[in-house]
$ cat data14.txt   # compact mmCIF, C-alpha atoms
# COMPACT_ATOMS: atom_id res chain seq x y z
CA MET O 171 4.49 -18.74 -6.33
CA LEU O 172 4.37 -22.28 -7.69
CA SER O 173 6.36 -23.73 -4.81
CA LEU O 174 4.17 -21.81 -2.34
CA ALA O 175 1.05 -23.31 -3.94
CA ARG O 176 2.54 -26.82 -3.85
CA GLU O 177 3.62 -26.41 -0.22
CA ALA O 178 0.14 -25.13 0.68
CA ILE O 179 -1.48 -28.19 -0.91
CA LEU O 180 0.95 -30.56 0.78
CA SER O 181 0.42 -28.96 4.20
CA ALA O 182 -3.36 -29.19 3.77
CA LEU O 183 -3.19 -32.85 2.77
CA GLN O 184 -0.97 -33.59 5.78
CA GLY O 185 -3.08 -31.48 8.14
CA LYS O 186 -0.05 -29.41 9.11
CA PRO O 187 0.31 -25.61 9.24
CA LEU O 188 2.10 -23.85 6.42
CA HIS O 189 5.23 -22.04 7.59
CA HIS O 190 6.09 -18.58 6.28
CA THR O 191 9.49 -18.54 4.63
CA ALA O 192 11.74 -15.46 4.81
CA TRP O 193 12.96 -15.77 1.20
CA GLU O 194 9.60 -14.94 -0.34
CA SER O 195 9.53 -12.20 -2.92
CA SER O 196 7.99 -8.86 -2.01
CA CYS O 197 5.61 -9.27 -4.99
CA LEU O 198 3.67 -11.71 -2.81
CA SER O 199 2.61 -8.82 -0.60
CA GLU O 200 0.86 -7.09 -3.54
CA ARG O 201 -2.90 -7.36 -3.82
CA GLN O 202 -4.00 -8.93 -7.11
CA GLY O 203 -6.64 -11.35 -8.24
CA VAL O 204 -5.36 -14.88 -8.78
CA PHE O 205 -6.55 -18.29 -9.94
CA VAL O 206 -4.87 -21.61 -9.14
CA THR O 207 -5.55 -24.39 -11.62
CA LEU O 208 -4.64 -28.00 -10.87
CA GLU O 209 -4.25 -30.76 -13.42
CA VAL O 210 -3.46 -34.42 -12.87
CA GLN O 211 -2.19 -36.30 -15.91
CA GLY O 212 -3.32 -33.42 -18.15
CA LYS O 213 -6.91 -33.37 -16.85
CA LEU O 214 -8.48 -30.55 -14.86
CA ARG O 215 -8.55 -31.46 -11.18
CA GLY O 216 -9.51 -28.15 -9.60
CA CYS O 217 -9.58 -24.41 -10.27
CA ILE O 218 -10.34 -21.77 -7.67
CA GLY O 219 -9.59 -18.08 -7.68
CA VAL O 220 -10.35 -14.63 -6.42
CA ILE O 221 -11.16 -11.74 -8.72
CA GLU O 222 -11.05 -8.93 -6.22
CA ALA O 223 -7.71 -8.44 -4.53
CA HIS O 224 -8.65 -8.08 -0.87
CA ASN O 225 -5.65 -9.99 0.51
CA PRO O 226 -1.94 -10.12 -0.28
CA LEU O 227 -1.06 -12.45 -3.15
CA ARG O 228 0.64 -14.88 -0.75
CA GLU O 229 -2.56 -15.41 1.25
CA SER O 230 -4.68 -15.68 -1.90
CA ILE O 231 -2.37 -18.27 -3.46
CA VAL O 232 -2.43 -20.40 -0.31
CA HIS O 233 -6.22 -20.16 -0.02
CA CYS O 234 -6.86 -20.83 -3.72
CA ALA O 235 -4.38 -23.73 -3.94
CA GLN O 236 -5.83 -25.46 -0.90
CA SER O 237 -9.40 -24.80 -2.06
CA ALA O 238 -8.68 -26.08 -5.58
CA ALA O 239 -7.16 -29.24 -4.12
CA LEU O 240 -9.79 -29.96 -1.47
CA ARG O 241 -12.94 -27.87 -1.99
CA ASP O 242 -13.67 -27.51 -5.72
CA SER O 243 -17.21 -28.90 -5.74
CA ARG O 244 -16.75 -30.34 -9.24
CA PHE O 245 -14.14 -32.84 -8.05
CA PRO O 246 -13.40 -35.12 -5.10
CA PRO O 247 -10.60 -33.88 -2.83
CA LEU O 248 -7.09 -34.42 -4.18
CA SER O 249 -5.33 -37.42 -2.67
CA ALA O 250 -1.67 -37.80 -1.71
CA ASP O 251 -1.38 -40.47 -4.43
CA GLU O 252 -2.01 -37.78 -7.07
CA LEU O 253 0.80 -35.43 -5.98
CA ASP O 254 3.45 -36.92 -8.28
CA ALA O 255 1.29 -36.28 -11.35
CA LEU O 256 0.01 -32.89 -10.17
CA GLN O 257 0.74 -29.81 -12.28
CA ILE O 258 -0.01 -26.36 -10.92
CA GLU O 259 -0.78 -23.25 -12.93
CA ILE O 260 -1.15 -19.81 -11.37
CA SER O 261 -2.83 -16.98 -13.24
CA VAL O 262 -2.26 -13.53 -11.73
CA LEU O 263 -4.99 -11.20 -12.95
CA SER O 264 -4.74 -7.59 -14.05
CA VAL O 265 -7.41 -5.15 -12.96
CA LEU O 266 -10.78 -5.72 -14.66
CA SER O 267 -11.86 -3.11 -17.16
CA LYS O 268 -15.12 -2.72 -19.02
CA MET O 269 -14.67 -3.80 -22.65
CA ASP O 270 -16.44 -3.62 -25.94
CA PRO O 271 -16.86 -7.29 -26.96
CA ARG O 272 -15.34 -6.47 -30.36
CA GLU O 273 -12.05 -5.56 -28.63
CA ILE O 274 -11.56 -8.94 -26.99
CA GLU O 275 -8.44 -10.68 -28.23
CA ILE O 276 -8.48 -14.47 -28.00
CA GLY O 277 -5.50 -15.70 -25.98
CA THR O 278 -4.86 -12.25 -24.51
CA HIS O 279 -8.03 -11.34 -22.63
CA GLY O 280 -9.95 -13.19 -19.99
CA LEU O 281 -13.63 -12.39 -19.51
CA VAL O 282 -16.03 -11.58 -16.74
CA ILE O 283 -19.68 -11.39 -17.78
CA ALA O 284 -21.97 -9.82 -15.19
CA ALA O 285 -25.71 -9.22 -15.02
CA GLY O 286 -27.35 -8.48 -11.68
CA GLU O 287 -26.01 -10.94 -9.11
CA LYS O 288 -24.77 -13.39 -11.74
CA ARG O 289 -21.27 -13.43 -13.12
CA GLY O 290 -19.01 -15.84 -14.91
CA LEU O 291 -15.27 -15.74 -15.43
CA LEU O 292 -13.11 -17.48 -18.01
CA LEU O 293 -9.32 -17.20 -18.03
CA PRO O 294 -7.63 -16.20 -21.32
CA GLN O 295 -6.11 -19.64 -21.79
CA VAL O 296 -9.59 -21.26 -21.90
CA ALA O 297 -10.31 -19.74 -25.31
CA THR O 298 -7.07 -20.96 -26.84
CA GLU O 299 -7.15 -24.41 -25.21
CA GLN O 300 -10.72 -24.99 -26.39
CA HIS O 301 -10.22 -23.27 -29.78
CA LEU O 302 -13.08 -20.82 -29.17
CA SER O 303 -13.94 -17.91 -31.40
CA ARG O 304 -14.61 -14.53 -29.78
CA GLU O 305 -18.37 -15.13 -29.91
CA GLN O 306 -18.06 -18.65 -28.50
CA PHE O 307 -15.84 -17.31 -25.69
CA LEU O 308 -18.48 -14.71 -24.81
CA GLN O 309 -21.22 -17.34 -24.95
CA GLU O 310 -19.29 -19.70 -22.67
CA ALA O 311 -18.71 -16.92 -20.13
CA CYS O 312 -22.47 -16.22 -20.20
CA ARG O 313 -23.23 -19.91 -19.71
CA LYS O 314 -20.83 -20.04 -16.77
CA ALA O 315 -22.65 -17.06 -15.24
CA GLY O 316 -25.96 -18.90 -15.55
CA LEU O 317 -27.19 -16.50 -18.23
CA SER O 318 -28.50 -17.13 -21.72
CA ARG O 319 -25.71 -17.69 -24.24
CA HIS O 320 -26.44 -14.36 -25.91
CA ALA O 321 -26.77 -12.27 -22.74
CA TRP O 322 -23.48 -10.51 -23.57
CA GLN O 323 -25.42 -8.63 -26.29
CA GLU O 324 -27.99 -7.26 -23.83
CA SER O 325 -27.68 -3.76 -22.35
CA ALA O 326 -28.18 -5.08 -18.79
CA THR O 327 -25.05 -7.24 -19.11
CA SER O 328 -21.55 -5.92 -18.53
CA VAL O 329 -18.47 -7.37 -20.23
CA TYR O 330 -15.14 -6.95 -18.46
CA GLY O 331 -11.74 -7.96 -19.75
CA PHE O 332 -8.45 -8.66 -18.04
CA THR O 333 -5.07 -10.11 -18.82
CA CYS O 334 -3.05 -12.66 -16.87
CA GLU O 335 0.52 -13.36 -16.05
CA ILE O 336 0.66 -17.15 -16.10
CA PHE O 337 3.09 -19.36 -14.18
CA ARG O 338 3.02 -23.10 -14.85
CA GLU O 339 5.05 -26.00 -13.60
CA ASP O 340 6.66 -27.99 -16.34
CA SER O 341 6.59 -31.77 -16.14
CA ARG O 342 10.06 -31.89 -14.59
CA SER O 343 9.26 -29.55 -11.69
CA ALA O 344 5.88 -31.20 -11.11
CA ASN O 345 7.66 -34.47 -10.36
CA ALA O 346 10.45 -32.95 -8.29
$ encode --input "data14.txt" --output "structure tokens"
Amino acid sequence: MLSLAREAILSALQGKPLHHTAWESSCLSERQGVFVTLEVQGKLRGCIGVIEAHNPLRESIVHCAQSAALRDSRFPPLSADELDALQIEISVLSVLSKMDPREIEIGTHGLVIAAGEKRGLLLPQVATEQHLSREQFLQEACRKAGLSRHAWQESATSVYGFTCEIFREDSRSANA
């Protein structure tokens, strides 16, 4: 998955098509939500994902990796000069399930907060990386959804949890 994401980014930067390789694992044909997070020198450089699994994982990884590199509106497009310092993390999501906020385990569960047309998602690693309490994690997910920080306590707001299987390049493979 990590090499597929890196190849997808490289092909997009070079303006060349990505070639399908025969050695790919059959797990890439499964349909699961996925997020691709990019860091350069330890700083967030892009993060794009899909919650609903409409496409095979292979297609979603390619789309999310290229989008995180070139179309995350929070950052300028990634440049070829940044590739040597680029680290890729892929989070493969479980199915979302409605949760009681008291059942959320920091470092285990990711969150989706939804109210009407608004929704915000935070991956499980966000809470641990930012040292958030359960309540702070819920508040940040609300903020990301464009809701009041305490909207998670309102009956019109739904709280969904999920887990992730996380794959991350180490510093040696990122420079290979």
$ residues_around --input "data14.txt" --residues "region 276-293 of chain O" --least-positions-apart "4" --cutoff "6 Å" --atoms "only C-alpha atoms" --output "NGL selection string"
:O and (298 or 311 or 314-315 or 327-333)
$ closest_residue --input "data14.txt" --among "O:Glu209, O:Asp242, O:Glu200, O:Glu324" --to "Asn225 (chain O)" --atoms "all atoms listed in the file"
O:Glu200
$ residues_around --input "data14.txt" --residues "Ser303 (chain O)" --least-positions-apart "6" --cutoff "10 Å" --atoms "only C-alpha atoms" --output "list in words"
Glu275, Ile276, Ala297 and Gln309 of chain O
$ residues_near_point --input "data14.txt" --point "(-3.7, -28.7, 4.8)" --cutoff "12 Å" --atoms "all atoms listed in the file" --output "list in words"
Ala175, Arg176, Glu177, Ala178, Ile179, Leu180, Ser181, Ala182, Leu183, Gln184, Gly185, Lys186, Pro187, Leu188, His189, Val232, His233, Ala235, Gln236, Ser237, Ala238, Ala239, Leu240, Arg241, Pro247, Leu248, Ser249 and Ala250 of chain O
$ closest_residue --input "data14.txt" --among "O:Val296, O:Leu198, O:Val206, O:Val262" --to "Pro226 (chain O)" --atoms "only C-alpha atoms"
O:Leu198
$ closest_residue --input "data14.txt" --among "O:Ala326, O:Leu308, O:Ala223, O:Val204" --to "Arg272 (chain O)" --atoms "all atoms listed in the file"
O:Leu308
$ closest_residue --input "data14.txt" --among "O:Glu299, O:Pro271, O:Leu208, O:Pro294" --to "Trp322 (chain O)" --atoms "all atoms listed in the file"
O:Pro271
$ atom_distance --input "data14.txt" --atom1 "CA of Ser261 (chain O)" --atom2 "CA of Arg338 (chain O)"
8.6 Å
